[in-house]
>>> print(open('coords05.cif').read())   # mmCIF, C-alpha atoms
data_target
loop_
_atom_site.label_atom_id
_atom_site.label_comp_id
_atom_site.auth_asym_id
_atom_site.auth_seq_id
_atom_site.Cartn_x
_atom_site.Cartn_y
_atom_site.Cartn_z
CA MET A 1 63.25 3.50 -74.53
CA ASN A 2 64.90 2.67 -77.84
CA THR A 3 68.65 2.55 -78.43
CA GLU A 4 70.67 2.32 -81.62
CA ARG A 5 71.80 -1.25 -82.21
CA ILE A 6 74.72 -2.35 -84.37
CA GLU A 7 76.15 -5.79 -85.20
CA LEU A 8 79.61 -6.67 -83.92
CA LEU A 9 80.92 -10.04 -85.13
CA ASP A 10 77.30 -11.06 -85.81
CA LEU A 11 76.25 -10.17 -82.28
CA PRO A 12 74.05 -7.25 -81.22
CA LEU A 13 75.56 -4.24 -79.48
CA ASP A 14 73.58 -1.24 -78.30
CA VAL A 15 75.16 2.18 -78.62
CA VAL A 16 74.35 3.40 -75.13
CA THR A 17 75.92 5.52 -72.41
CA MET A 18 75.79 4.77 -68.71
CA ASP A 19 73.05 7.35 -68.25
CA GLY A 20 71.18 5.83 -71.16
CA ALA A 21 71.47 2.33 -69.70
CA VAL A 22 70.17 3.51 -66.32
CA ALA A 23 67.24 5.22 -68.04
CA TRP A 24 66.55 2.05 -70.04
CA VAL A 25 66.46 -0.05 -66.87
CA ARG A 26 64.25 2.46 -65.08
CA ALA A 27 61.74 2.38 -67.94
CA ARG A 28 61.56 -1.43 -67.68
CA LEU A 29 61.28 -1.87 -63.91
CA ASN A 30 57.50 -2.21 -63.99
CA ALA A 31 57.20 -3.78 -67.44
CA PRO A 32 55.09 -6.96 -67.73
CA ASP A 33 57.68 -8.79 -69.83
CA PRO A 34 61.11 -9.78 -68.47
CA ALA A 35 64.20 -8.34 -70.13
CA GLN A 36 67.80 -9.53 -70.09
CA VAL A 37 70.78 -7.18 -70.06
CA VAL A 38 74.18 -8.43 -71.25
CA THR A 39 77.38 -6.49 -70.67
CA LEU A 40 79.40 -7.64 -73.67
CA ASN A 41 83.13 -8.23 -73.43
CA PRO A 42 85.70 -10.05 -75.59
CA GLU A 43 85.62 -13.20 -73.47
CA ILE A 44 81.88 -13.66 -73.90
CA ILE A 45 82.21 -13.08 -77.64
CA VAL A 46 84.94 -15.71 -77.97
CA ARG A 47 83.02 -18.26 -75.91
CA SER A 48 79.96 -17.70 -78.08
CA LEU A 49 81.92 -18.81 -81.16
CA ARG A 50 81.77 -22.40 -79.87
CA ASP A 51 78.61 -22.21 -77.77
CA PRO A 52 75.40 -21.96 -79.83
CA GLU A 53 73.22 -21.59 -76.73
CA LEU A 54 75.29 -18.66 -75.49
CA ARG A 55 75.23 -17.09 -78.94
CA ARG A 56 71.45 -17.32 -79.04
CA ALA A 57 71.21 -15.85 -75.55
CA LEU A 58 73.29 -12.88 -76.66
CA ARG A 59 71.28 -12.37 -79.82
CA GLU A 60 68.00 -12.41 -77.92
CA ALA A 61 69.03 -10.08 -75.09
CA GLU A 62 66.96 -6.93 -74.87
CA LEU A 63 69.94 -4.70 -74.04
CA VAL A 64 73.61 -5.39 -74.84
CA THR A 65 76.09 -2.85 -73.50
CA PRO A 66 79.80 -2.42 -74.39
CA ASP A 67 81.64 -3.76 -71.35
CA GLY A 68 85.22 -4.53 -72.29
CA VAL A 69 87.70 -2.05 -73.71
CA GLY A 70 88.24 -4.66 -76.44
CA VAL A 71 84.67 -4.13 -77.61
CA LEU A 72 85.32 -0.41 -78.02
CA TRP A 73 88.55 -1.20 -79.90
CA ALA A 74 86.81 -3.70 -82.18
CA THR A 75 84.08 -1.19 -83.04
CA ARG A 76 86.69 1.36 -84.04
CA ARG A 77 88.66 -1.25 -85.96
CA LEU A 78 85.73 -2.65 -87.91
CA PHE A 79 83.54 0.41 -88.36
CA GLY A 80 85.81 3.38 -87.68
CA ARG A 81 83.34 4.34 -84.99
CA THR A 82 84.03 5.46 -81.43
CA LEU A 83 81.46 4.38 -78.88
CA PRO A 84 80.71 6.92 -76.13
CA GLU A 85 81.87 4.84 -73.16
CA ARG A 86 82.03 1.43 -71.50
CA VAL A 87 79.01 0.25 -69.55
CA THR A 88 80.36 -2.53 -67.33
CA GLY A 89 78.38 -4.80 -65.06
CA VAL A 90 79.81 -3.43 -61.82
CA ASP A 91 79.55 0.22 -62.90
CA LEU A 92 75.99 -0.23 -64.14
CA THR A 93 75.03 -1.92 -60.87
CA LEU A 94 76.48 0.91 -58.79
CA ALA A 95 74.87 3.54 -61.04
CA LEU A 96 71.48 1.84 -60.59
CA PHE A 97 71.95 1.73 -56.82
CA GLU A 98 72.95 5.38 -56.71
CA GLY A 99 70.20 6.64 -59.02
CA LEU A 100 67.26 4.30 -58.46
CA ALA A 101 67.69 2.83 -54.98
CA GLY A 102 64.18 3.76 -53.86
CA GLU A 103 62.63 2.06 -56.87
CA LEU A 104 64.56 -1.21 -56.70
CA ARG A 105 63.69 -4.57 -55.21
CA VAL A 106 66.81 -6.58 -55.92
CA TYR A 107 67.39 -10.31 -55.90
CA PHE A 108 71.08 -11.09 -55.36
CA LEU A 109 72.01 -14.40 -57.01
CA GLY A 110 75.54 -15.78 -57.14
CA GLY A 111 78.90 -16.07 -55.49
CA LYS A 112 80.06 -18.46 -52.80
CA PRO A 113 77.79 -19.16 -49.84
CA GLY A 114 77.45 -15.98 -47.80
CA VAL A 115 78.51 -13.60 -50.57
CA ALA A 116 74.99 -12.71 -51.77
CA GLU A 117 73.90 -12.01 -48.19
CA ARG A 118 76.85 -9.69 -47.58
CA ALA A 119 76.35 -7.98 -50.93
CA ALA A 120 72.69 -7.35 -50.13
CA ARG A 121 73.57 -6.01 -46.69
CA ALA A 122 76.21 -3.68 -48.16
CA ALA A 123 73.76 -2.44 -50.81
CA ALA A 124 71.20 -1.67 -48.11
CA GLU A 125 73.67 0.10 -45.85
CA ARG A 126 75.41 2.17 -48.53
CA TYR A 127 72.59 2.90 -50.95
CA GLY A 128 69.31 2.07 -49.23
CA VAL A 129 68.58 -0.76 -51.68
CA ARG A 130 65.89 -3.25 -50.67
CA ALA A 131 66.73 -6.93 -51.09
CA ALA A 132 63.96 -9.15 -52.44
CA GLY A 133 66.04 -12.27 -51.83
CA VAL A 134 69.49 -13.82 -51.83
CA GLN A 135 70.91 -17.09 -53.11
CA HIS A 136 74.48 -18.30 -53.56
CA GLY A 137 75.62 -19.56 -56.95
CA TYR A 138 76.56 -23.10 -55.91
CA PHE A 139 73.16 -24.65 -56.46
CA GLU A 140 72.05 -27.76 -58.33
CA ASP A 141 68.28 -27.33 -58.10
CA GLU A 142 67.72 -24.78 -60.84
CA ALA A 143 63.95 -25.17 -60.70
CA GLY A 144 63.91 -24.36 -56.99
CA VAL A 145 66.03 -21.26 -57.47
CA VAL A 146 63.91 -20.08 -60.39
CA ALA A 147 60.75 -20.52 -58.32
CA ALA A 148 62.24 -18.60 -55.40
CA VAL A 149 63.19 -15.68 -57.65
CA ALA A 150 59.82 -15.71 -59.42
CA THR A 151 57.90 -15.41 -56.16
CA SER A 152 60.23 -12.87 -54.54
CA GLY A 153 58.66 -9.73 -55.98
CA ALA A 154 62.01 -8.56 -57.34
CA ASN A 155 62.08 -6.07 -60.19
CA LEU A 156 65.86 -6.39 -60.67
CA LEU A 157 67.81 -9.64 -60.66
CA LEU A 158 71.60 -9.45 -60.39
CA ALA A 159 73.13 -12.77 -61.41
CA GLY A 160 76.80 -13.38 -60.70
CA LEU A 161 77.05 -16.93 -61.98
CA GLY A 162 80.29 -16.82 -63.91
CA GLU A 163 80.26 -18.23 -67.41
CA ARG A 164 76.77 -19.71 -67.11
CA GLN A 165 74.98 -16.51 -66.12
CA GLU A 166 73.86 -15.43 -69.61
CA THR A 167 72.51 -18.83 -70.60
CA PHE A 168 70.86 -19.37 -67.20
CA LEU A 169 68.98 -16.09 -67.49
CA TRP A 170 68.07 -16.75 -71.13
CA ARG A 171 66.77 -20.29 -70.53
CA HIS A 172 64.64 -19.26 -67.56
CA LYS A 173 63.73 -15.73 -68.60
CA ARG A 174 59.97 -16.27 -68.73
CA ALA A 175 59.84 -18.44 -65.62
CA LEU A 176 61.96 -15.99 -63.61
CA GLY A 177 59.58 -13.22 -64.63
CA VAL A 178 61.77 -10.38 -63.30
CA PRO A 179 61.37 -7.15 -65.32
CA VAL A 180 65.14 -6.60 -65.57
CA MET A 181 67.83 -9.25 -65.11
CA ILE A 182 71.54 -8.57 -65.53
CA GLY A 183 74.55 -10.88 -65.61
CA VAL A 184 77.01 -9.00 -63.41
CA GLY A 185 80.01 -11.32 -63.12
CA GLY A 186 82.02 -10.64 -59.97
CA THR A 187 80.00 -7.60 -58.90
CA LEU A 188 78.51 -9.38 -55.88
CA ASP A 189 82.04 -10.25 -54.72
CA VAL A 190 82.98 -6.58 -54.97
CA LEU A 191 79.92 -5.46 -53.01
CA ALA A 192 80.53 -8.12 -50.38
CA GLY A 193 84.19 -7.15 -49.97
CA GLU A 194 85.40 -10.49 -51.32
CA ALA A 195 87.20 -8.84 -54.24
CA ARG A 196 88.72 -5.43 -54.78
CA ARG A 197 88.28 -3.37 -57.90
CA THR A 198 91.31 -2.40 -59.91
CA PRO A 199 92.49 1.20 -59.39
CA ALA A 200 90.41 3.98 -60.93
CA TRP A 201 93.31 5.05 -63.16
CA ALA A 202 93.48 1.57 -64.71
CA ARG A 203 89.75 1.65 -65.44
CA ARG A 204 90.02 5.10 -67.01
CA VAL A 205 92.76 4.07 -69.46
CA GLY A 206 91.25 0.68 -70.21
CA LEU A 207 93.87 -1.52 -68.52
CA GLU A 208 91.57 -3.05 -65.92
CA TRP A 209 91.50 -6.42 -67.72
CA LEU A 210 95.31 -6.49 -68.03
CA LEU A 211 95.84 -5.95 -64.32
CA ARG A 212 93.20 -8.53 -63.39
CA VAL A 213 94.73 -11.16 -65.64
CA GLY A 214 98.35 -10.29 -64.93
CA LEU A 215 98.04 -10.30 -61.14
CA ASP A 216 96.06 -13.53 -60.85
CA PRO A 217 97.70 -16.70 -62.25
CA LYS A 218 94.32 -18.44 -62.26
CA ARG A 219 93.20 -15.94 -64.89
CA TRP A 220 96.17 -16.43 -67.22
CA PRO A 221 94.34 -18.91 -69.50
CA ARG A 222 91.84 -16.12 -70.20
CA ALA A 223 94.59 -14.24 -72.03
CA TRP A 224 94.25 -16.78 -74.85
CA ARG A 225 90.64 -15.75 -75.30
CA LEU A 226 91.71 -12.14 -75.63
CA LEU A 227 94.23 -13.15 -78.29
CA ARG A 228 91.54 -15.17 -80.07
CA PHE A 229 89.29 -12.11 -79.97
CA VAL A 230 91.93 -9.91 -81.61
CA LEU A 231 92.49 -12.51 -84.34
CA THR A 232 88.74 -12.83 -84.92
CA VAL A 233 88.38 -9.08 -85.30
CA GLU A 234 91.28 -8.88 -87.75
CA GLN A 235 89.86 -11.75 -89.80
CA ALA A 236 86.49 -9.99 -89.94
CA ARG A 237 88.19 -6.78 -91.00
CA ARG A 238 89.97 -8.53 -93.88
CA ARG A 239 86.68 -10.00 -95.06
CA SER A 240 84.82 -6.70 -94.85
CA PRO A 241 83.86 -5.27 -98.27
CA THR A 242 84.18 -1.75 -96.83
CA ARG A 243 87.76 -2.18 -95.70
CA GLY A 244 89.77 0.75 -96.91
#
>>> encode(input="coords05.cif", output="structure tokens")
Amino acid sequence: MNTERIELLDLPLDVVTMDGAVAWVRARLNAPDPAQVVTLNPEIIVRSLRDPELRRALREAELVTPDGVGVLWATRRLFGRTLPERVTGVDLTLALFEGLAGELRVYFLGGKPGVAERAARAAAERYGVRAAGVQHGYFEDEAGVVAAVATSGANLLLAGLGERQETFLWRHKRALGVPVMIGVGGTLDVLAGEARRTPAWARRVGLEWLLRVGLDPKRWPRAWRLLRFVLTVEQARRRSPTRG
């Protein structure tokens, strides 16, 4: 299934709806070649400015969805174009569980010890999802984890490995061999009941990130990345030959 792809700050971005992303994943579940899905947000973009490996991982991802509200804003600011909707990691995961549960064999990778197990159990109880395997994110033996995933029979890998998830999946894509692998951030924590989602109204109006950052002092340094993102977008707009 093909999607329209544009370039945002020299990174790929697929113009896709949630339904389109679910259909894309479904079409790839039995594909012979592994595919990586990135849910793009301003933080990842800013980190990629100083991380060549991350930048390459983003550029080589098979599907890149608009996660953060900042990505939608930047697309309007730079191209005067309104994308149809956000496709976040947690929402895409839940949409896949709701629509494709019977077709999924999911490997849950990430979180603190015990989180992946609880996330898998919750996915089975609520959606009927089959778990191909579980592994917490505090591992040092990457080769062992890759081998365990590769032999699990999973057709969907959900990786909640924080800032290293995109590069981990990219570096080991062929060895992992899973048809679809997605970096899902804190989604496993949400499924496991370790973290609560922001209210639905905040997600609807695009203030989810503000509440998350504002209510958690440990996240305050991330606000600087959001500021850097805004400045980067404005600099790109000033350099654009099509700026009106």
>>> residues_around(input="coords05.cif", residues="A:Thr82", least_positions_apart="3", cutoff="9 Å", atoms="all atoms listed in the file", output="number ranges by chain")
A: 72-73, 75-76, 79, 85
>>> write_last_selection(input="coords05.cif", atoms="C-alpha atoms", output="PDB file, keeping the file's coordinate frame")
ATOM      1  CA  LEU A  72      85.320  -0.410 -78.020  1.00  0.00           C
ATOM      2  CA  TRP A  73      88.550  -1.200 -79.900  1.00  0.00           C
ATOM      3  CA  THR A  75      84.080  -1.190 -83.040  1.00  0.00           C
ATOM      4  CA  ARG A  76      86.690   1.360 -84.040  1.00  0.00           C
ATOM      5  CA  PHE A  79      83.540   0.410 -88.360  1.00  0.00           C
ATOM      6  CA  GLU A  85      81.870   4.840 -73.160  1.00  0.00           C
TER       7      GLU A  85
END
>>> atom_distance(input="coords05.cif", atom1="atom CA of A:Ile6", atom2="atom CA of A:Leu29")
24.5 Å
>>> residues_around(input="coords05.cif", residues="stretch 93-100 of chain A", least_positions_apart="5", cutoff="7 Å", atoms="all atoms listed in the file", output="list in words")
Val22, Tyr127 and Val129 of chain A
>>> residues_near_point(input="coords05.cif", point="(74.5, 0.7, -75.6)", cutoff="8 Å", atoms="only C-alpha atoms", output="list in words")
Thr3, Glu4, Arg5, Leu13, Asp14, Val15, Val16, Thr17, Gly20, Ala21, Leu63, Val64, Thr65, Pro66 and Val87 of chain A
>>> closest_residue(input="coords05.cif", among="A:Val106, A:Ala150, A:Leu92, A:Leu40", to="A:Val71", atoms="all atoms listed in the file")
A:Leu40
>>> atom_distance(input="coords05.cif", atom1="atom CA of A:Gly70", atom2="atom CA of A:Pro42")
6.0 Å
>>> atom_distance(input="coords05.cif", atom1="atom CA of A:Val180", atom2="atom CA of A:Thr39")
13.3 Å
>>> resolve_selection(input="coords05.cif", expression="the PyMOL selection byres ((chain A and resi 56) around 12)", output="VMD selection string")
chain A and resid 10 to 12 45 48 to 55 57 to 61 166 to 167 169 to 171
>>> closest_atom_pairs(input="coords05.cif", of="stretch 60-113 of chain A", to="stretch 130-147 of chain A", cutoff="10 Å", atoms="only C-alpha atoms", output="Markdown table")
| residue | atom | partner | partner_atom | distance |
| --- | --- | --- | --- | --- |
| A:Phe97 | CA | A:Arg130 | CA | 10.0 |
| A:Ala101 | CA | A:Arg130 | CA | 7.7 |
| A:Gly102 | CA | A:Arg130 | CA | 7.9 |
| A:Glu103 | CA | A:Arg130 | CA | 8.8 |
| A:Leu104 | CA | A:Arg130 | CA | 6.5 |
| A:Arg105 | CA | A:Arg130 | CA | 5.2 |
| A:Val106 | CA | A:Ala131 | CA | 4.8 |
| A:Tyr107 | CA | A:Gly133 | CA | 4.7 |
| A:Phe108 | CA | A:Val134 | CA | 4.7 |
| A:Leu109 | CA | A:Gln135 | CA | 4.9 |
| A:Gly110 | CA | A:Gly137 | CA | 3.8 |
| A:Gly111 | CA | A:Gly137 | CA | 5.0 |
| A:Lys112 | CA | A:His136 | CA | 5.6 |
| A:Pro113 | CA | A:His136 | CA | 5.1 |
>>> closest_residue(input="coords05.cif", among="A:Gly186, A:Gly89, A:Gly193, A:Gly68", to="A:Gly162", atoms="all atoms listed in the file")
A:Gly186
>>> residues_around(input="coords05.cif", residues="A:Leu9", least_positions_apart="5", cutoff="9 Å", atoms="all atoms listed in the file", output="ChimeraX atom specification")
/A:45,232-233,236
>>> resolve_selection(input="coords05.cif", expression="the PyMOL selection byres ((chain A and resi 34) around 7)", output="ChimeraX atom specification")
/A:32-33,35-36,173-174,177-180
>>> resolve_selection(input="coords05.cif", expression="the PyMOL selection byres ((chain A and resi 189) around 9)", output="PyMOL selection string")
chain A and resi 110-112+115-116+118-119+160+185-188+190-196
>>> axis_aligned_box(input="coords05.cif", around="stretch 65-82 of chain A", padding_each_side="3 Å", output="lines of an AutoDock Vina configuration file")
center_x = 82.4
center_y = 0.4
center_z = -79.9
size_x = 18.6
size_y = 16.1
size_z = 23.0
>>> closest_residue(input="coords05.cif", among="A:Ala31, A:Val25, A:Val38, A:Ala74", to="A:Leu226", atoms="all atoms listed in the file")
A:Ala74
>>> closest_residue(input="coords05.cif", among="A:Arg237, A:Val230, A:Phe168, A:Ile182", to="A:Val69", atoms="all atoms listed in the file")
A:Val230
>>> residues_around(input="coords05.cif", residues="A:Val46", least_positions_apart="6", cutoff="7 Å", atoms="only C-alpha atoms", output="ChimeraX atom specification")
/A:225,228-229
>>> build_atoms(input="coords05.cif", residues="stretch 8-26 of chain A", atoms="N, CA and C atoms", output="PDB file, in the frame of the given file")
ATOM      1  N   LEU A   8      78.176  -6.492 -84.090  1.00  0.00           N
ATOM      2  CA  LEU A   8      79.610  -6.670 -83.920  1.00  0.00           C
ATOM      3  C   LEU A   8      79.908  -8.163 -83.944  1.00  0.00           C
ATOM      4  N   LEU A   9      80.598  -8.617 -84.986  1.00  0.00           N
ATOM      5  CA  LEU A   9      80.920 -10.040 -85.130  1.00  0.00           C
ATOM      6  C   LEU A   9      79.641 -10.884 -85.064  1.00  0.00           C
ATOM      7  N   ASP A  10      78.603 -10.386 -85.732  1.00  0.00           N
ATOM      8  CA  ASP A  10      77.300 -11.060 -85.810  1.00  0.00           C
ATOM      9  C   ASP A  10      76.587 -11.141 -84.470  1.00  0.00           C
ATOM     10  N   LEU A  11      76.942 -10.259 -83.557  1.00  0.00           N
ATOM     11  CA  LEU A  11      76.250 -10.170 -82.280  1.00  0.00           C
ATOM     12  C   LEU A  11      75.724  -8.747 -82.103  1.00  0.00           C
ATOM     13  N   PRO A  12      74.603  -8.594 -81.407  1.00  0.00           N
ATOM     14  CA  PRO A  12      74.050  -7.250 -81.220  1.00  0.00           C
ATOM     15  C   PRO A  12      74.869  -6.450 -80.203  1.00  0.00           C
ATOM     16  N   LEU A  13      74.909  -5.153 -80.419  1.00  0.00           N
ATOM     17  CA  LEU A  13      75.560  -4.240 -79.480  1.00  0.00           C
ATOM     18  C   LEU A  13      74.804  -2.927 -79.521  1.00  0.00           C
ATOM     19  N   ASP A  14      74.332  -2.492 -78.373  1.00  0.00           N
ATOM     20  CA  ASP A  14      73.580  -1.240 -78.300  1.00  0.00           C
ATOM     21  C   ASP A  14      74.522  -0.081 -78.024  1.00  0.00           C
ATOM     22  N   VAL A  15      74.358   0.970 -78.790  1.00  0.00           N
ATOM     23  CA  VAL A  15      75.160   2.180 -78.620  1.00  0.00           C
ATOM     24  C   VAL A  15      74.502   2.984 -77.492  1.00  0.00           C
ATOM     25  N   VAL A  16      75.017   2.820 -76.293  1.00  0.00           N
ATOM     26  CA  VAL A  16      74.350   3.400 -75.130  1.00  0.00           C
ATOM     27  C   VAL A  16      75.394   3.895 -74.136  1.00  0.00           C
ATOM     28  N   THR A  17      75.085   4.989 -73.477  1.00  0.00           N
ATOM     29  CA  THR A  17      75.920   5.520 -72.410  1.00  0.00           C
ATOM     30  C   THR A  17      75.463   4.944 -71.076  1.00  0.00           C
ATOM     31  N   MET A  18      76.211   5.218 -70.024  1.00  0.00           N
ATOM     32  CA  MET A  18      75.790   4.770 -68.710  1.00  0.00           C
ATOM     33  C   MET A  18      74.452   5.390 -68.326  1.00  0.00           C
ATOM     34  N   ASP A  19      74.316   6.692 -68.558  1.00  0.00           N
ATOM     35  CA  ASP A  19      73.050   7.350 -68.250  1.00  0.00           C
ATOM     36  C   ASP A  19      71.908   6.747 -69.055  1.00  0.00           C
ATOM     37  N   GLY A  20      72.196   6.432 -70.315  1.00  0.00           N
ATOM     38  CA  GLY A  20      71.180   5.830 -71.160  1.00  0.00           C
ATOM     39  C   GLY A  20      70.783   4.447 -70.675  1.00  0.00           C
ATOM     40  N   ALA A  21      71.765   3.670 -70.211  1.00  0.00           N
ATOM     41  CA  ALA A  21      71.470   2.330 -69.700  1.00  0.00           C
ATOM     42  C   ALA A  21      70.638   2.401 -68.431  1.00  0.00           C
ATOM     43  N   VAL A  22      70.952   3.342 -67.550  1.00  0.00           N
ATOM     44  CA  VAL A  22      70.170   3.510 -66.320  1.00  0.00           C
ATOM     45  C   VAL A  22      68.734   3.896 -66.672  1.00  0.00           C
ATOM     46  N   ALA A  23      68.580   4.811 -67.624  1.00  0.00           N
ATOM     47  CA  ALA A  23      67.240   5.220 -68.040  1.00  0.00           C
ATOM     48  C   ALA A  23      66.477   4.047 -68.653  1.00  0.00           C
ATOM     49  N   TRP A  24      67.175   3.235 -69.429  1.00  0.00           N
ATOM     50  CA  TRP A  24      66.550   2.050 -70.040  1.00  0.00           C
ATOM     51  C   TRP A  24      66.036   1.106 -68.961  1.00  0.00           C
ATOM     52  N   VAL A  25      66.878   0.837 -67.960  1.00  0.00           N
ATOM     53  CA  VAL A  25      66.460  -0.050 -66.870  1.00  0.00           C
ATOM     54  C   VAL A  25      65.271   0.542 -66.126  1.00  0.00           C
ATOM     55  N   ARG A  26      65.348   1.828 -65.824  1.00  0.00           N
ATOM     56  CA  ARG A  26      64.250   2.460 -65.080  1.00  0.00           C
ATOM     57  C   ARG A  26      62.923   2.326 -65.827  1.00  0.00           C
TER      58      ARG A  26
END
